[in-house]
Amino acid sequence: MDSWVNSAEVLGSDLPLELAGTGNRRAVLMGALREAVRSGRLAPGTRLPPYRSLAADLGLARNTVADAYAELVAEGWLAARQGSGTRVAERAAPVTPAHRPRTPERPSRPVHDLVQGQPDPSAFPRTAWLASARRALAAAPNDAFGPGDPHGRPELRQALAGYLARARGVRASPERIVLCSGAAHGLRLLAEVVGGPWAAEAYGLPFHRGLLASHGVGTRPVGVDGDGARVGELTRRDRAVLLTPAHQFPTGGPLHPERRAAVADWARSTGGLVVEDDYDGEFRYDRQPVGAVQGLDPEHVVLLGSVSKSLSPALRLGWMVLPERLVAPVVAAKGEREQFSSATDQLTLADFVDSGAYDRHVRRMRQRHRRRRDQLVAALERRAPDVRVTGIAAGLHAVVELPPGTERSVVRAAAWQGLAVEGLADYRHPGAERAADERDGLVVGYATPAEHAYPEALEALCRALPPG
């Protein structure tokens, strides 16, 4: 780049800058701002012009100035608050040249956790679970303490058949249910039995894609929009498609009814398999939960479920509701004996479901998560009114949409605030078409923090967002 010389001596608030240098313009601007603070020309508390105004005055792109501001906020030179603009940080006092300023150290461990997918561990219903464990052990038949059946305990399969029919609209007998240690375990077994290639949503868990790849099953992306996966992109070559129809993960929103019917038609006409990850189908807040796609065609849809979101990932309990033709191959792939899930935990969960304790816990957590979601939305409306929040009708997370090109800098700024949060790009399929599917945003999990820590976590999130 040619040498760049510009000056901004009066930019709305008498901002004294001399910009000269070669190379990246953002870096030159950041250097000029650091020097202005270091020398005392910009005193602590000085309000800087809005990045749009500064960009216009300097002839720069808005994203260039916005990124520069965000980086300097992350480094501690500036402080940004929604509604009060960007100011020189109070602690960034002028220093003499003999004392070089120390870049603030990044916190070694996050202080606040807004990573998606984990319920608050303190919410586990210990008393009710212990009561179920006592009843289950007292009533357990002797064979429960012998070698385990790879199908899983019949008591739990019976309990799940009734619960899933009632709560999720699933059509299955206990014989169609095979227990596993979670959705990941179920995917491993299906990859071994079904083979590839698979289709997968353009946004989803990279862990699941990697797991399938490790078993020789490649995935190709299917686009995602406001109506969920674009299932019209499926082809006859796809052996299976991995979907999150109840609440697309992580962008949010249920699969449109027409697309639900279309994907069942695709499976019937091609002999393909729909693998329905029902990861948080029970947590819908604004109306009744959306029924499972499995109910449309039990012979071509596998329902994957677990208690990792509703109870705890520590239990390692999940289930597959399978087409009849897949039951024997999946059980054979598990092995001759149950190696993955404790029989006593299975018996306890069966009692927990049959006694109504599971329903009561889900209702209680639904209310709690909805309250957390409302707090998140209210905080952003108050502190960041220009930010749009999506995917809030269900689940344990929301997507905070960001201006194009700002996601990486906001994630870094969040880390400097001691906040663990992930960007939307972390979930994007590497083969997805950028022009069609790429977007900037944060995936904000609101279930994990303890009650007392949640307001501070939201405060840290608001501080990390780019100034409006």
# chains A, B, ... in the order shown; residues from 1 in each chain; ligands from 1

call {"tool": "residues_around", "arguments": {"residues": "Arg236 in chain A", "least_positions_apart": "2", "cutoff": "8 Å", "atoms": "only C-alpha atoms", "output": "list in words"}}
result
Leu234, Asp238, Arg239, Thr270 and Gly272 of chain A

call {"tool": "write_last_selection", "arguments": {"atoms": "C-alpha atoms", "output": "PDB file, in the first residue's frame"}}
result
ATOM      1  CA  LEU A 234     -30.919 -33.127  -0.863  1.00  0.00           C
ATOM      2  CA  ASP A 238     -27.162 -38.738   0.179  1.00  0.00           C
ATOM      3  CA  ARG A 239     -27.513 -41.819   2.358  1.00  0.00           C
ATOM      4  CA  THR A 270     -34.784 -42.391  -2.187  1.00  0.00           C
ATOM      5  CA  GLY A 272     -32.488 -42.286   2.581  1.00  0.00           C
TER       6      GLY A 272
END

call {"tool": "residues_around", "arguments": {"residues": "range 292-294 of chain A", "least_positions_apart": "4", "cutoff": "12 Å", "atoms": "only C-alpha atoms", "output": "PDB file with C-alpha atoms, in the first residue's frame"}}
result
ATOM      1  CA  LEU A 164     -41.828 -39.448  23.867  1.00  0.00           C
ATOM      2  CA  ALA A 165     -45.262 -40.274  22.457  1.00  0.00           C
ATOM      3  CA  ARG A 166     -46.912 -37.840  24.874  1.00  0.00           C
ATOM      4  CA  ALA A 167     -44.348 -35.005  24.829  1.00  0.00           C
ATOM      5  CA  ARG A 168     -42.812 -35.208  21.355  1.00  0.00           C
ATOM      6  CA  GLY A 169     -45.390 -36.975  19.169  1.00  0.00           C
ATOM      7  CA  VAL A 170     -43.059 -39.931  18.591  1.00  0.00           C
ATOM      8  CA  ARG A 171     -44.522 -43.178  17.217  1.00  0.00           C
ATOM      9  CA  ALA A 172     -42.538 -46.067  18.641  1.00  0.00           C
ATOM     10  CA  LEU A 243     -31.102 -32.255  10.991  1.00  0.00           C
ATOM     11  CA  THR A 244     -32.154 -30.290  14.074  1.00  0.00           C
ATOM     12  CA  PRO A 245     -35.828 -29.706  13.122  1.00  0.00           C
ATOM     13  CA  ALA A 246     -37.227 -28.607  16.498  1.00  0.00           C
ATOM     14  CA  HIS A 247     -34.783 -25.691  16.808  1.00  0.00           C
ATOM     15  CA  PRO A 254     -38.049 -24.811  13.669  1.00  0.00           C
ATOM     16  CA  LEU A 255     -38.068 -26.549  10.320  1.00  0.00           C
ATOM     17  CA  HIS A 256     -40.989 -25.196   8.272  1.00  0.00           C
ATOM     18  CA  PRO A 257     -43.975 -27.607   8.037  1.00  0.00           C
ATOM     19  CA  GLU A 258     -43.639 -27.866   4.251  1.00  0.00           C
ATOM     20  CA  ARG A 259     -39.980 -28.777   4.607  1.00  0.00           C
ATOM     21  CA  ARG A 260     -40.761 -31.334   7.308  1.00  0.00           C
ATOM     22  CA  ALA A 261     -43.109 -33.074   4.883  1.00  0.00           C
ATOM     23  CA  ALA A 262     -40.618 -32.671   2.026  1.00  0.00           C
ATOM     24  CA  VAL A 263     -37.745 -34.315   3.895  1.00  0.00           C
ATOM     25  CA  ALA A 264     -39.955 -37.273   4.831  1.00  0.00           C
ATOM     26  CA  ASP A 265     -40.948 -37.570   1.150  1.00  0.00           C
ATOM     27  CA  ALA A 267     -36.430 -40.293   2.536  1.00  0.00           C
ATOM     28  CA  LEU A 273     -32.518 -41.752   6.335  1.00  0.00           C
ATOM     29  CA  VAL A 274     -33.406 -38.634   8.310  1.00  0.00           C
ATOM     30  CA  VAL A 275     -31.378 -38.415  11.528  1.00  0.00           C
ATOM     31  CA  GLU A 276     -33.295 -36.060  13.798  1.00  0.00           C
ATOM     32  CA  ASP A 277     -31.193 -34.606  16.607  1.00  0.00           C
ATOM     33  CA  ASP A 278     -33.841 -33.612  19.165  1.00  0.00           C
ATOM     34  CA  TYR A 279     -31.260 -31.898  21.357  1.00  0.00           C
ATOM     35  CA  ASP A 280     -33.584 -29.380  23.041  1.00  0.00           C
ATOM     36  CA  GLY A 281     -37.021 -30.141  21.652  1.00  0.00           C
ATOM     37  CA  GLU A 282     -38.626 -29.870  25.099  1.00  0.00           C
ATOM     38  CA  PRO A 298     -41.075 -43.852  11.710  1.00  0.00           C
ATOM     39  CA  GLU A 299     -39.557 -46.161   9.082  1.00  0.00           C
ATOM     40  CA  HIS A 300     -37.328 -43.472   7.577  1.00  0.00           C
ATOM     41  CA  VAL A 301     -36.489 -41.224  10.535  1.00  0.00           C
ATOM     42  CA  VAL A 302     -34.190 -41.872  13.498  1.00  0.00           C
ATOM     43  CA  LEU A 303     -34.830 -39.729  16.585  1.00  0.00           C
ATOM     44  CA  LEU A 304     -31.755 -39.023  18.717  1.00  0.00           C
ATOM     45  CA  GLY A 305     -32.319 -37.728  22.238  1.00  0.00           C
ATOM     46  CA  MET A 320     -32.298 -43.761  19.524  1.00  0.00           C
ATOM     47  CA  VAL A 321     -35.813 -44.385  18.230  1.00  0.00           C
ATOM     48  CA  LEU A 322     -35.075 -46.511  15.168  1.00  0.00           C
ATOM     49  CA  PRO A 323     -36.820 -47.822  12.065  1.00  0.00           C
TER      50      PRO A 323
END

call {"tool": "closest_residue", "arguments": {"among": "A:Val290, A:Ala200, A:Arg176, A:Ala357", "to": "Ser132 in chain A", "atoms": "only C-alpha atoms"}}
result
A:Ala357

call {"tool": "select_by_dssp", "arguments": {"residues": "range 49-181 of chain A", "states": "alpha helix (DSSP H)", "output": "JSON, numbers by chain"}}
result
{"A": [51, 52, 53, 54, 55, 56, 57, 58, 62, 63, 64, 65, 66, 67, 68, 69, 70, 71, 72, 73, 74, 75, 126, 127, 128, 129, 130, 131, 132, 133, 134, 135, 136, 137, 138, 139, 154, 155, 156, 157, 158, 159, 160, 161, 162, 163, 164, 165, 166, 167, 168]}

call {"tool": "residues_around", "arguments": {"residues": "Gly186 in chain A", "least_positions_apart": "2", "cutoff": "9 Å", "atoms": "only C-alpha atoms", "output": "ChimeraX atom specification"}}
result
/A:179-184,188-191,304-305,318-320

call {"tool": "write_last_selection", "arguments": {"atoms": "all heavy atoms", "output": "mmCIF file, in the first residue's frame"}}
result
data_model
loop_
_atom_site.group_PDB
_atom_site.id
_atom_site.type_symbol
_atom_site.label_atom_id
_atom_site.label_comp_id
_atom_site.auth_asym_id
_atom_site.auth_seq_id
_atom_site.Cartn_x
_atom_site.Cartn_y
_atom_site.Cartn_z
ATOM 1 N N LEU A 179 -30.892 -47.786 23.755
ATOM 2 C CA LEU A 179 -30.266 -46.793 24.618
ATOM 3 C C LEU A 179 -28.792 -46.634 24.261
ATOM 4 O O LEU A 179 -28.135 -47.563 23.798
ATOM 5 C CB LEU A 179 -30.421 -47.193 26.082
ATOM 6 C CG LEU A 179 -31.864 -47.373 26.563
ATOM 7 C CD1 LEU A 179 -31.904 -47.715 28.037
ATOM 8 C CD2 LEU A 179 -32.686 -46.115 26.287
ATOM 9 N N CYS A 180 -28.292 -45.426 24.480
ATOM 10 C CA CYS A 180 -26.888 -45.120 24.195
ATOM 11 C C CYS A 180 -26.409 -44.119 25.242
ATOM 12 O O CYS A 180 -27.163 -43.749 26.150
ATOM 13 C CB CYS A 180 -26.728 -44.573 22.775
ATOM 14 S SG CYS A 180 -27.776 -43.153 22.390
ATOM 15 N N SER A 181 -25.167 -43.684 25.109
ATOM 16 C CA SER A 181 -24.632 -42.772 26.119
ATOM 17 C C SER A 181 -24.792 -41.308 25.737
ATOM 18 O O SER A 181 -24.261 -40.429 26.427
ATOM 19 C CB SER A 181 -23.146 -43.075 26.365
ATOM 20 O OG SER A 181 -22.381 -42.825 25.205
ATOM 21 N N GLY A 182 -25.517 -41.033 24.664
ATOM 22 C CA GLY A 182 -25.745 -39.659 24.237
ATOM 23 C C GLY A 182 -25.834 -39.583 22.728
ATOM 24 O O GLY A 182 -25.642 -40.577 22.014
ATOM 25 N N ALA A 183 -26.103 -38.382 22.207
ATOM 26 C CA ALA A 183 -26.270 -38.209 20.764
ATOM 27 C C ALA A 183 -25.002 -38.574 20.006
ATOM 28 O O ALA A 183 -25.065 -39.161 18.920
ATOM 29 C CB ALA A 183 -26.679 -36.771 20.455
ATOM 30 N N ALA A 184 -23.836 -38.238 20.554
ATOM 31 C CA ALA A 184 -22.587 -38.550 19.872
ATOM 32 C C ALA A 184 -22.409 -40.059 19.718
ATOM 33 O O ALA A 184 -21.990 -40.545 18.663
ATOM 34 C CB ALA A 184 -21.410 -37.947 20.623
ATOM 35 N N ARG A 188 -22.174 -42.286 16.188
ATOM 36 C CA ARG A 188 -21.121 -43.255 15.877
ATOM 37 C C ARG A 188 -21.726 -44.569 15.396
ATOM 38 O O ARG A 188 -21.269 -45.152 14.406
ATOM 39 C CB ARG A 188 -20.253 -43.516 17.109
ATOM 40 C CG ARG A 188 -19.375 -42.361 17.532
ATOM 41 C CD ARG A 188 -18.407 -42.794 18.627
ATOM 42 N NE ARG A 188 -17.647 -41.671 19.132
ATOM 43 C CZ ARG A 188 -17.933 -41.017 20.240
ATOM 44 N NH1 ARG A 188 -18.985 -41.378 20.967
ATOM 45 N NH2 ARG A 188 -17.190 -40.006 20.636
ATOM 46 N N LEU A 189 -22.737 -45.033 16.102
ATOM 47 C CA LEU A 189 -23.366 -46.299 15.738
ATOM 48 C C LEU A 189 -24.048 -46.201 14.375
ATOM 49 O O LEU A 189 -23.945 -47.112 13.540
ATOM 50 C CB LEU A 189 -24.373 -46.701 16.810
ATOM 51 C CG LEU A 189 -23.781 -47.034 18.186
ATOM 52 C CD1 LEU A 189 -24.878 -47.165 19.235
ATOM 53 C CD2 LEU A 189 -22.963 -48.328 18.125
ATOM 54 N N LEU A 190 -24.738 -45.098 14.118
ATOM 55 C CA LEU A 190 -25.418 -44.941 12.838
ATOM 56 C C LEU A 190 -24.420 -44.818 11.691
ATOM 57 O O LEU A 190 -24.664 -45.332 10.584
ATOM 58 C CB LEU A 190 -26.334 -43.726 12.875
ATOM 59 C CG LEU A 190 -27.565 -43.851 13.782
ATOM 60 C CD1 LEU A 190 -28.261 -42.513 13.922
ATOM 61 C CD2 LEU A 190 -28.531 -44.902 13.236
ATOM 62 N N ALA A 191 -23.309 -44.127 11.918
ATOM 63 C CA ALA A 191 -22.289 -44.024 10.882
ATOM 64 C C ALA A 191 -21.766 -45.409 10.501
ATOM 65 O O ALA A 191 -21.555 -45.705 9.317
ATOM 66 C CB ALA A 191 -21.145 -43.139 11.359
ATOM 67 N N LEU A 304 -32.828 -38.987 17.719
ATOM 68 C CA LEU A 304 -31.755 -39.023 18.717
ATOM 69 C C LEU A 304 -32.120 -38.087 19.856
ATOM 70 O O LEU A 304 -32.455 -36.922 19.615
ATOM 71 C CB LEU A 304 -30.426 -38.557 18.117
ATOM 72 C CG LEU A 304 -29.685 -39.466 17.148
ATOM 73 C CD1 LEU A 304 -28.429 -38.747 16.656
ATOM 74 C CD2 LEU A 304 -29.307 -40.774 17.823
ATOM 75 N N GLY A 305 -32.038 -38.573 21.083
ATOM 76 C CA GLY A 305 -32.319 -37.728 22.238
ATOM 77 C C GLY A 305 -31.419 -38.079 23.403
ATOM 78 O O GLY A 305 -30.769 -39.135 23.416
ATOM 79 N N GLY A 318 -28.743 -41.545 26.752
ATOM 80 C CA GLY A 318 -29.427 -41.089 25.555
ATOM 81 C C GLY A 318 -30.191 -42.235 24.929
ATOM 82 O O GLY A 318 -30.196 -43.362 25.441
ATOM 83 N N TRP A 319 -30.856 -41.946 23.812
ATOM 84 C CA TRP A 319 -31.672 -42.976 23.168
ATOM 85 C C TRP A 319 -31.756 -42.721 21.670
ATOM 86 O O TRP A 319 -31.595 -41.608 21.190
ATOM 87 C CB TRP A 319 -33.081 -42.999 23.760
ATOM 88 C CG TRP A 319 -33.757 -41.662 23.802
ATOM 89 C CD1 TRP A 319 -34.474 -41.048 22.812
ATOM 90 C CD2 TRP A 319 -33.751 -40.742 24.903
ATOM 91 N NE1 TRP A 319 -34.926 -39.829 23.214
ATOM 92 C CE2 TRP A 319 -34.501 -39.601 24.502
ATOM 93 C CE3 TRP A 319 -33.202 -40.771 26.199
ATOM 94 C CZ2 TRP A 319 -34.693 -38.513 25.340
ATOM 95 C CZ3 TRP A 319 -33.387 -39.677 27.028
ATOM 96 C CH2 TRP A 319 -34.140 -38.561 26.599
ATOM 97 N N MET A 320 -31.986 -43.801 20.953
ATOM 98 C CA MET A 320 -32.298 -43.761 19.524
ATOM 99 C C MET A 320 -33.644 -44.441 19.328
ATOM 100 O O MET A 320 -33.841 -45.564 19.803
ATOM 101 C CB MET A 320 -31.238 -44.508 18.717
ATOM 102 C CG MET A 320 -29.865 -43.883 18.728
ATOM 103 S SD MET A 320 -28.639 -44.966 17.915
ATOM 104 C CE MET A 320 -28.350 -46.149 19.231
#

call {"tool": "closest_atom_pairs", "arguments": {"of": "range 44-155 of chain A", "to": "range 398-407 of chain A", "cutoff": "8 Å", "atoms": "only C-alpha atoms", "output": "tab-separated table"}}
result
residue	atom	partner	partner_atom	distance
A:Asn63	CA	A:Gly405	CA	6.8
A:Ala66	CA	A:Thr406	CA	7.8
A:Asp67	CA	A:Thr406	CA	6.6

call {"tool": "closest_residue", "arguments": {"among": "A:Arg87, A:Arg382, A:His208, A:Arg284", "to": "Leu458 in chain A", "atoms": "only C-alpha atoms"}}
result
A:Arg382

call {"tool": "residues_around", "arguments": {"residues": "Ser122 in chain A", "least_positions_apart": "4", "cutoff": "12 Å", "atoms": "only C-alpha atoms", "output": "JSON, numbers by chain"}}
result
{"A": [118, 126, 311, 312, 365, 447, 448, 449, 450, 451, 452]}

call {"tool": "select_by_dssp", "arguments": {"residues": "range 170-347 of chain A", "states": "strand (DSSP E or B)", "output": "VMD selection string"}}
result
chain A and resid 177 to 180 198 to 201 203 219 to 222 224 to 225 228 to 229 240 to 243 273 to 277 284 301 to 306 318 to 321

call {"tool": "closest_residue", "arguments": {"among": "A:Leu347, A:Val327, A:Val421, A:Leu465", "to": "Ala138 in chain A", "atoms": "only C-alpha atoms"}}
result
A:Leu347

call {"tool": "residues_around", "arguments": {"residues": "Gly210 in chain A", "least_positions_apart": "5", "cutoff": "12 Å", "atoms": "only C-alpha atoms", "output": "PDB file with C-alpha atoms, in the first residue's frame"}}
result
ATOM      1  CA  ALA A 184     -22.587 -38.550  19.872  1.00  0.00           C
ATOM      2  CA  LEU A 187     -24.141 -40.951  15.644  1.00  0.00           C
ATOM      3  CA  ARG A 188     -21.121 -43.255  15.877  1.00  0.00           C
ATOM      4  CA  ALA A 191     -22.289 -44.024  10.882  1.00  0.00           C
ATOM      5  CA  ALA A 200     -25.735 -31.916   7.169  1.00  0.00           C
ATOM      6  CA  GLY A 204     -24.195 -27.295  13.220  1.00  0.00           C
ATOM      7  CA  LEU A 205     -21.850 -28.854  15.755  1.00  0.00           C
ATOM      8  CA  HIS A 215     -15.917 -43.163  10.964  1.00  0.00           C
ATOM      9  CA  GLY A 216     -15.429 -42.662   7.239  1.00  0.00           C
ATOM     10  CA  VAL A 217     -18.667 -40.730   6.660  1.00  0.00           C
ATOM     11  CA  GLY A 218     -18.228 -37.453   4.839  1.00  0.00           C
ATOM     12  CA  THR A 219     -20.808 -34.681   5.032  1.00  0.00           C
ATOM     13  CA  TYR A 427     -20.388 -23.751  13.753  1.00  0.00           C
ATOM     14  CA  HIS A 429     -19.670 -26.144   7.741  1.00  0.00           C
ATOM     15  CA  PRO A 430     -16.326 -25.602   5.982  1.00  0.00           C
TER      16      PRO A 430
END

call {"tool": "residues_around", "arguments": {"residues": "Gly445 in chain A", "least_positions_apart": "5", "cutoff": "10 Å", "atoms": "only C-alpha atoms", "output": "count of residues only"}}
result
18

call {"tool": "atom_distance", "arguments": {"atom1": "CA of His112 in chain A", "atom2": "CA of Ser306 in chain A"}}
result
26.1 Å

call {"tool": "closest_residue", "arguments": {"among": "A:Pro206, A:Ala453, A:Asp286, A:Glu338", "to": "Gln367 in chain A", "atoms": "only C-alpha atoms"}}
result
A:Asp286

call {"tool": "residues_around", "arguments": {"residues": "Ala80 in chain A", "least_positions_apart": "5", "cutoff": "10 Å", "atoms": "only C-alpha atoms", "output": "CSV table (one decimal) with N, CA, C and O atoms, in the first residue's frame"}}
result
chain,number,residue,atom,x,y,z
A,47,ARG,N,-14.3,11.5,25.3
A,47,ARG,CA,-15.2,10.8,24.4
A,47,ARG,C,-14.7,10.9,22.9
A,47,ARG,O,-14.4,12.0,22.5
A,48,LEU,N,-14.6,9.7,22.3
A,48,LEU,CA,-14.2,9.7,20.9
A,48,LEU,C,-15.4,9.9,19.9
A,48,LEU,O,-16.5,9.5,20.3
A,69,TYR,N,-11.4,0.4,17.0
A,69,TYR,CA,-12.0,0.7,18.3
A,69,TYR,C,-12.2,-0.6,19.1
A,69,TYR,O,-11.8,-0.6,20.3
A,70,ALA,N,-12.7,-1.6,18.5
A,70,ALA,CA,-12.9,-2.9,19.2
A,70,ALA,C,-11.6,-3.5,19.7
A,70,ALA,O,-11.5,-4.0,20.9
A,72,LEU,N,-8.8,-1.8,20.4
A,72,LEU,CA,-8.3,-1.0,21.5
A,72,LEU,C,-9.1,-1.1,22.8
A,72,LEU,O,-8.6,-1.0,23.9
A,73,VAL,N,-10.4,-1.4,22.7
A,73,VAL,CA,-11.2,-1.7,23.8
A,73,VAL,C,-10.7,-3.0,24.4
A,73,VAL,O,-10.5,-3.2,25.7
A,74,ALA,N,-10.4,-4.0,23.6
A,74,ALA,CA,-9.9,-5.3,24.1
A,74,ALA,C,-8.5,-5.2,24.8
A,74,ALA,O,-8.3,-5.9,25.7
A,85,GLY,N,-21.2,5.9,24.1
A,85,GLY,CA,-20.1,6.0,23.1
A,85,GLY,C,-18.8,5.3,23.6
A,85,GLY,O,-18.8,4.6,24.6
A,86,THR,N,-17.8,5.7,22.9
A,86,THR,CA,-16.4,5.1,23.2
A,86,THR,C,-15.6,6.2,23.8
A,86,THR,O,-15.5,7.3,23.3
A,87,ARG,N,-14.9,5.9,24.9
A,87,ARG,CA,-14.1,6.9,25.6
A,87,ARG,C,-12.7,6.3,25.9
A,87,ARG,O,-12.5,5.1,25.9
A,88,VAL,N,-11.8,7.2,26.2
A,88,VAL,CA,-10.5,6.7,26.6
A,88,VAL,C,-10.6,6.1,28.0
A,88,VAL,O,-11.3,6.7,28.9
A,89,ALA,N,-10.1,4.9,28.2
A,89,ALA,CA,-10.2,4.2,29.5
A,89,ALA,C,-9.6,5.0,30.6
A,89,ALA,O,-8.6,5.7,30.4
A,462,CYS,N,-22.4,-7.1,27.1
A,462,CYS,CA,-22.7,-5.8,26.6
A,462,CYS,C,-21.5,-4.9,26.4
A,462,CYS,O,-21.4,-4.2,25.4
A,463,ARG,N,-20.5,-5.1,27.3
A,463,ARG,CA,-19.3,-4.3,27.2
A,463,ARG,C,-18.5,-4.7,25.9
A,463,ARG,O,-17.7,-3.9,25.4
A,464,ALA,N,-18.6,-6.0,25.6
A,464,ALA,CA,-17.8,-6.5,24.5
A,464,ALA,C,-18.4,-6.2,23.1
A,464,ALA,O,-17.7,-6.3,22.1
A,465,LEU,N,-19.6,-5.8,23.0
A,465,LEU,CA,-20.3,-5.5,21.8
A,465,LEU,C,-19.7,-4.2,21.1
A,465,LEU,O,-19.3,-3.3,21.9
A,466,PRO,N,-19.7,-4.1,19.8
A,466,PRO,CA,-19.2,-2.9,19.2
A,466,PRO,C,-20.1,-1.7,19.5
A,466,PRO,O,-21.3,-1.9,19.6
A,467,PRO,N,-19.5,-0.6,19.6
A,467,PRO,CA,-20.3,0.6,19.9
A,467,PRO,C,-21.2,0.9,18.8
A,467,PRO,O,-20.9,0.7,17.6
A,468,GLY,N,-22.5,1.4,19.2
A,468,GLY,CA,-23.4,1.7,18.1
A,468,GLY,C,-23.2,3.0,17.5
A,468,GLY,O,-22.4,3.8,17.9

call {"tool": "decode", "arguments": {"residues": "range 176-188 of chain A", "atoms": "N, CA, C and O atoms", "output": "mmCIF file, in the first residue's frame"}}
result
data_model
loop_
_atom_site.group_PDB
_atom_site.id
_atom_site.type_symbol
_atom_site.label_atom_id
_atom_site.label_comp_id
_atom_site.auth_asym_id
_atom_site.auth_seq_id
_atom_site.Cartn_x
_atom_site.Cartn_y
_atom_site.Cartn_z
ATOM 1 N N ARG A 176 -38.402 -50.554 19.538
ATOM 2 C CA ARG A 176 -37.721 -49.690 18.564
ATOM 3 C C ARG A 176 -36.675 -48.782 19.219
ATOM 4 O O ARG A 176 -35.955 -48.073 18.518
ATOM 5 N N ILE A 177 -36.620 -48.748 20.533
ATOM 6 C CA ILE A 177 -35.723 -47.843 21.253
ATOM 7 C C ILE A 177 -34.467 -48.598 21.674
ATOM 8 O O ILE A 177 -34.544 -49.658 22.289
ATOM 9 N N VAL A 178 -33.310 -48.037 21.319
ATOM 10 C CA VAL A 178 -32.020 -48.564 21.761
ATOM 11 C C VAL A 178 -31.333 -47.457 22.554
ATOM 12 O O VAL A 178 -31.226 -46.313 22.077
ATOM 13 N N LEU A 179 -30.892 -47.786 23.755
ATOM 14 C CA LEU A 179 -30.266 -46.793 24.618
ATOM 15 C C LEU A 179 -28.792 -46.634 24.261
ATOM 16 O O LEU A 179 -28.135 -47.563 23.798
ATOM 17 N N CYS A 180 -28.292 -45.426 24.480
ATOM 18 C CA CYS A 180 -26.888 -45.120 24.195
ATOM 19 C C CYS A 180 -26.409 -44.119 25.242
ATOM 20 O O CYS A 180 -27.163 -43.749 26.150
ATOM 21 N N SER A 181 -25.167 -43.684 25.109
ATOM 22 C CA SER A 181 -24.632 -42.772 26.119
ATOM 23 C C SER A 181 -24.792 -41.308 25.737
ATOM 24 O O SER A 181 -24.261 -40.429 26.427
ATOM 25 N N GLY A 182 -25.517 -41.033 24.664
ATOM 26 C CA GLY A 182 -25.745 -39.659 24.237
ATOM 27 C C GLY A 182 -25.834 -39.583 22.728
ATOM 28 O O GLY A 182 -25.642 -40.577 22.014
ATOM 29 N N ALA A 183 -26.103 -38.382 22.207
ATOM 30 C CA ALA A 183 -26.270 -38.209 20.764
ATOM 31 C C ALA A 183 -25.002 -38.574 20.006
ATOM 32 O O ALA A 183 -25.065 -39.161 18.920
ATOM 33 N N ALA A 184 -23.836 -38.238 20.554
ATOM 34 C CA ALA A 184 -22.587 -38.550 19.872
ATOM 35 C C ALA A 184 -22.409 -40.059 19.718
ATOM 36 O O ALA A 184 -21.990 -40.545 18.663
ATOM 37 N N HIS A 185 -22.717 -40.802 20.765
ATOM 38 C CA HIS A 185 -22.631 -42.258 20.694
ATOM 39 C C HIS A 185 -23.601 -42.791 19.650
ATOM 40 O O HIS A 185 -23.261 -43.681 18.849
ATOM 41 N N GLY A 186 -24.807 -42.252 19.622
ATOM 42 C CA GLY A 186 -25.774 -42.676 18.621
ATOM 43 C C GLY A 186 -25.293 -42.414 17.206
ATOM 44 O O GLY A 186 -25.463 -43.248 16.310
ATOM 45 N N LEU A 187 -24.660 -41.257 16.971
ATOM 46 C CA LEU A 187 -24.141 -40.951 15.644
ATOM 47 C C LEU A 187 -23.038 -41.917 15.240
ATOM 48 O O LEU A 187 -22.949 -42.329 14.072
ATOM 49 N N ARG A 188 -22.174 -42.286 16.188
ATOM 50 C CA ARG A 188 -21.121 -43.255 15.877
ATOM 51 C C ARG A 188 -21.726 -44.569 15.396
ATOM 52 O O ARG A 188 -21.269 -45.152 14.406
#
